[in-house]
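In what follows, a single structure is set out as structure tokens and then discussed.
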Amino acid sequence: MGQGVLEAPGYSRRDGVLWCEGVNLGVIAERMGTPTYVYSAATICNRLESLTQALAGLPVHIHYSVKANSSRAILALLKSRGVGVDIVSAGELHRALTAGFAGSDMVFSGVGKTAVELERAVRAGVKSINVESEGEIASLQEIAADLRVVVSVALRVNPDIAVDTPHKYTRTAELGMKFGIPHDSVMRVARGMTEMPNLKLTGIATHLGSQIDAVAPYARAAHLLVRLKREIEGAGIATISTLDLGGGLGLGASGDSGAYLQAYAEALRVIAEEPGTEILIEPGRFIVAEAGVLLTRVLYRKSSGGTEIVVTDAGMNDFIRPSLYESLHAIESVDIADEPKLLANVVGPVCESGDFFATGRLIPEVGPGSLLVVRTAGAYGYSMASNYNSRPRPAEVLVDGDRFALITERESDADLTRREISAPHWSED
């Protein structure tokens with residue numbers, strides 16, 4: 001794989017001012033207000049292309065993980081690049097359909113799918129439903145029988161593989177966690193499915209976690225999936241055509257050599273050697289995280305107990321990752337390119353001590369009115385935003401070259417109460 005794809009920048013400075021592709025971020029702030037999420041289309045396409053190039057020659061199909069960033073404009077952009085999607089709810093199914101995806105472009109994951117969600121997935125013709133428990137399998141068989149269809153099913157396996165991730169909440173593959181069917185129960189479950197005429201076992205899936213910078217866990221998982229496939233085939237069940245390694249790729253692949261992605265591709269080779277087997281992967285954060293920034297304006301600056309505090313108009317309701325996952329995100333000034341000299345806590349207006357973007361961080365010498373960006377905010381930013389403190393969610397803007405467009409309107413105060421009923425109509429027995 002060449003180096004050029006990974007090196008293409010979405011953000012750069014011109015005369016000291018931070019731009020997204022060909023657009024001055026200050027112009028976006030002036031026209032759209034703050035806080036606002038800004039995404040670089042070129043970076044999204046660049047990250048996808050870097051992954052595609054690394055996997056060239058392998059029977060791999062990419063299914064973007066919608067939960068990372070579910071904006072319909074971004075889904076449509078990815079659809080135009082030929083990827084499928086991985087969904088985890090009926091709401092994401094709806095989003096994907098309205099963005100132009102067909103059911104055959106989707107795999108449906110998730111540990112707690114309701115009967116209504118399963119039925120909607122079946123009616124939509126989803127490519128594969130990744131089931132995570134025997135109860136879900138029984139429910140799906142009943143639904144498929146009622147609809148008189150045969151549904152393609154993959155067993156999501158808990159492989160009991162420990163991974164090193166930045167936070168314990170981003171690990172999913174150890175026994176005792178809620179995800180998947182224990183790997184030592186897979187054969188029994190697969191045999192049981194042979195008694196369910198409306199279900200066809202077509203795949204085995206797993207997911208290790210998020211932000212995994214090591215490749216060795218993927219290699220272990222790939223070998224496990226191949227072994228399980230062969231054991232199931234040895235029991236006379238010869239219908240498995242896909243092995244799904246999930247997502248979780250770290251951002252460490254942005255180095256010059258692309259060695260991480262090459263090693264990842266090599267880890268998948270054991271699956272590629274299985275005749276007639278398609279590999280599915282479900283990257284999310286890897287594709288969109290670095291494409292996005294949260295654009296916010298400084299409201300106030302004050303000192304307390306020797307600590308400098310910079311208060312912004314964005315809060316934890318807009319971007320919860322630093323509070324929830326203790327994640328580190330670079331913070332830059334839009335207009336000041338000077339060496340950071342101010343040691344400060346960068347906080348929001350939400351009434352919580354956990355409302356911060358950085359603590360004890362060196363940033364440029366900013367004050368009220370200054371524009372800041374929180375970097376690597378394209379994944380699990382807006383998709384996890386809330387209305388806590390009755391704060392309207394921010395706008396979203398997509399940049400493509402020297403043009404930009406609003407892709408999600410800023411919520412209004414009226415939006416906050418639109419679905420509420422102040423004078424309830426009481427039901428009586």
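By convention in this document, the chains of the structure tokens carry letters A, B, ... by their order, each chain's residues are numbered from 1, and ligands are numbered from 1 in the order they are shown.
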Go through range 103-292 of chain A and collect every residue that DSSP, computed from the backbone, puts in helix (DSSP H, G or I); the answer should be as a VMD selection string. chain A and resid 103 to 105 115 to 124 134 to 147 168 to 170 183 to 193 216 to 234 251 to 254 259 to 272 285 to 291
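Look at Arg191 in chain A: the protein and nucleic acid residues within 9 Å of it, using only C-alpha atoms and passing over chain neighbours fewer than 5 places away, are Val186, Ile232, Ala235 and Ile237 of chain A.
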One number please: CA of Asp338 in chain A to CA of Arg361 in chain A, in Å, one decimal.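 Separating CA of Asp338 in chain A from CA of Arg361 in chain A is a distance of 15.0 Å.
Excluding Arg227 in chain A itself and any same-chain residue fewer than 2 positions from it, the protein and nucleic acid residues within 12 Å of it, counting only C-alpha atoms, are Pro159, His183, Asp184, Val186, Met187, Ile204, Arg220, Ala221, Ala222, His223, Leu224, Leu225, Lys229, Arg230, Glu231, Ile232, Glu233, Gly234, Leu243, Val270, Ile271 and Glu274 of chain A.
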Go ahead and save the residues from that selection, with N, CA and C atoms, as an mmCIF file, in the first residue's frame.
data_model
loop_
_atom_site.group_PDB
_atom_site.id
_atom_site.type_symbol
_atom_site.label_atom_id
_atom_site.label_comp_id
_atom_site.auth_asym_id
_atom_site.auth_seq_id
_atom_site.Cartn_x
_atom_site.Cartn_y
_atom_site.Cartn_z
ATOM 1 N N PRO A 159 -15.384 -14.678 22.144
ATOM 2 C CA PRO A 159 -14.199 -15.517 21.972
ATOM 3 C C PRO A 159 -13.325 -15.635 23.211
ATOM 4 N N HIS A 183 -17.886 -19.130 23.299
ATOM 5 C CA HIS A 183 -17.358 -19.912 22.178
ATOM 6 C C HIS A 183 -17.493 -21.413 22.398
ATOM 7 N N ASP A 184 -17.510 -21.845 23.662
ATOM 8 C CA ASP A 184 -17.629 -23.285 23.902
ATOM 9 C C ASP A 184 -19.076 -23.773 23.828
ATOM 10 N N VAL A 186 -20.979 -22.765 21.064
ATOM 11 C CA VAL A 186 -21.367 -22.527 19.673
ATOM 12 C C VAL A 186 -21.801 -23.802 18.965
ATOM 13 N N MET A 187 -21.077 -24.899 19.145
ATOM 14 C CA MET A 187 -21.436 -26.146 18.463
ATOM 15 C C MET A 187 -22.829 -26.612 18.861
ATOM 16 N N ILE A 204 -20.486 -16.753 11.111
ATOM 17 C CA ILE A 204 -20.031 -16.655 12.491
ATOM 18 C C ILE A 204 -19.390 -15.279 12.632
ATOM 19 N N ARG A 220 -5.879 -13.924 16.537
ATOM 20 C CA ARG A 220 -6.446 -14.983 17.385
ATOM 21 C C ARG A 220 -7.915 -15.199 17.072
ATOM 22 N N ALA A 221 -8.652 -14.093 16.918
ATOM 23 C CA ALA A 221 -10.072 -14.192 16.622
ATOM 24 C C ALA A 221 -10.306 -14.842 15.258
ATOM 25 N N ALA A 222 -9.499 -14.495 14.276
ATOM 26 C CA ALA A 222 -9.649 -15.074 12.941
ATOM 27 C C ALA A 222 -9.435 -16.577 12.973
ATOM 28 N N HIS A 223 -8.413 -17.019 13.684
ATOM 29 C CA HIS A 223 -8.166 -18.459 13.795
ATOM 30 C C HIS A 223 -9.317 -19.166 14.510
ATOM 31 N N LEU A 224 -9.883 -18.515 15.539
ATOM 32 C CA LEU A 224 -11.003 -19.115 16.255
ATOM 33 C C LEU A 224 -12.218 -19.271 15.342
ATOM 34 N N LEU A 225 -12.528 -18.237 14.552
ATOM 35 C CA LEU A 225 -13.674 -18.319 13.664
ATOM 36 C C LEU A 225 -13.497 -19.434 12.638
ATOM 37 N N LYS A 229 -15.872 -22.708 12.314
ATOM 38 C CA LYS A 229 -16.508 -23.011 11.022
ATOM 39 C C LYS A 229 -16.227 -24.464 10.630
ATOM 40 N N ARG A 230 -14.991 -24.874 10.755
ATOM 41 C CA ARG A 230 -14.636 -26.242 10.364
ATOM 42 C C ARG A 230 -15.310 -27.275 11.271
ATOM 43 N N GLU A 231 -15.415 -26.973 12.556
ATOM 44 C CA GLU A 231 -16.092 -27.902 13.465
ATOM 45 C C GLU A 231 -17.570 -28.029 13.117
ATOM 46 N N ILE A 232 -18.192 -26.914 12.792
ATOM 47 C CA ILE A 232 -19.608 -26.933 12.424
ATOM 48 C C ILE A 232 -19.799 -27.702 11.114
ATOM 49 N N GLU A 233 -18.910 -27.482 10.172
ATOM 50 C CA GLU A 233 -18.993 -28.221 8.912
ATOM 51 C C GLU A 233 -18.767 -29.712 9.147
ATOM 52 N N GLY A 234 -17.887 -30.025 10.114
ATOM 53 C CA GLY A 234 -17.649 -31.424 10.444
ATOM 54 C C GLY A 234 -18.872 -32.111 11.010
ATOM 55 N N LEU A 243 -17.490 -14.994 7.570
ATOM 56 C CA LEU A 243 -16.883 -14.866 8.888
ATOM 57 C C LEU A 243 -16.665 -13.383 9.130
ATOM 58 N N VAL A 270 -5.863 -15.952 7.068
ATOM 59 C CA VAL A 270 -6.266 -17.314 7.410
ATOM 60 C C VAL A 270 -7.726 -17.567 7.025
ATOM 61 N N ILE A 271 -8.544 -16.522 7.085
ATOM 62 C CA ILE A 271 -9.939 -16.658 6.659
ATOM 63 C C ILE A 271 -10.018 -16.706 5.140
ATOM 64 N N GLU A 274 -9.975 -19.972 3.418
ATOM 65 C CA GLU A 274 -11.131 -20.861 3.496
ATOM 66 C C GLU A 274 -11.936 -20.756 2.191
#
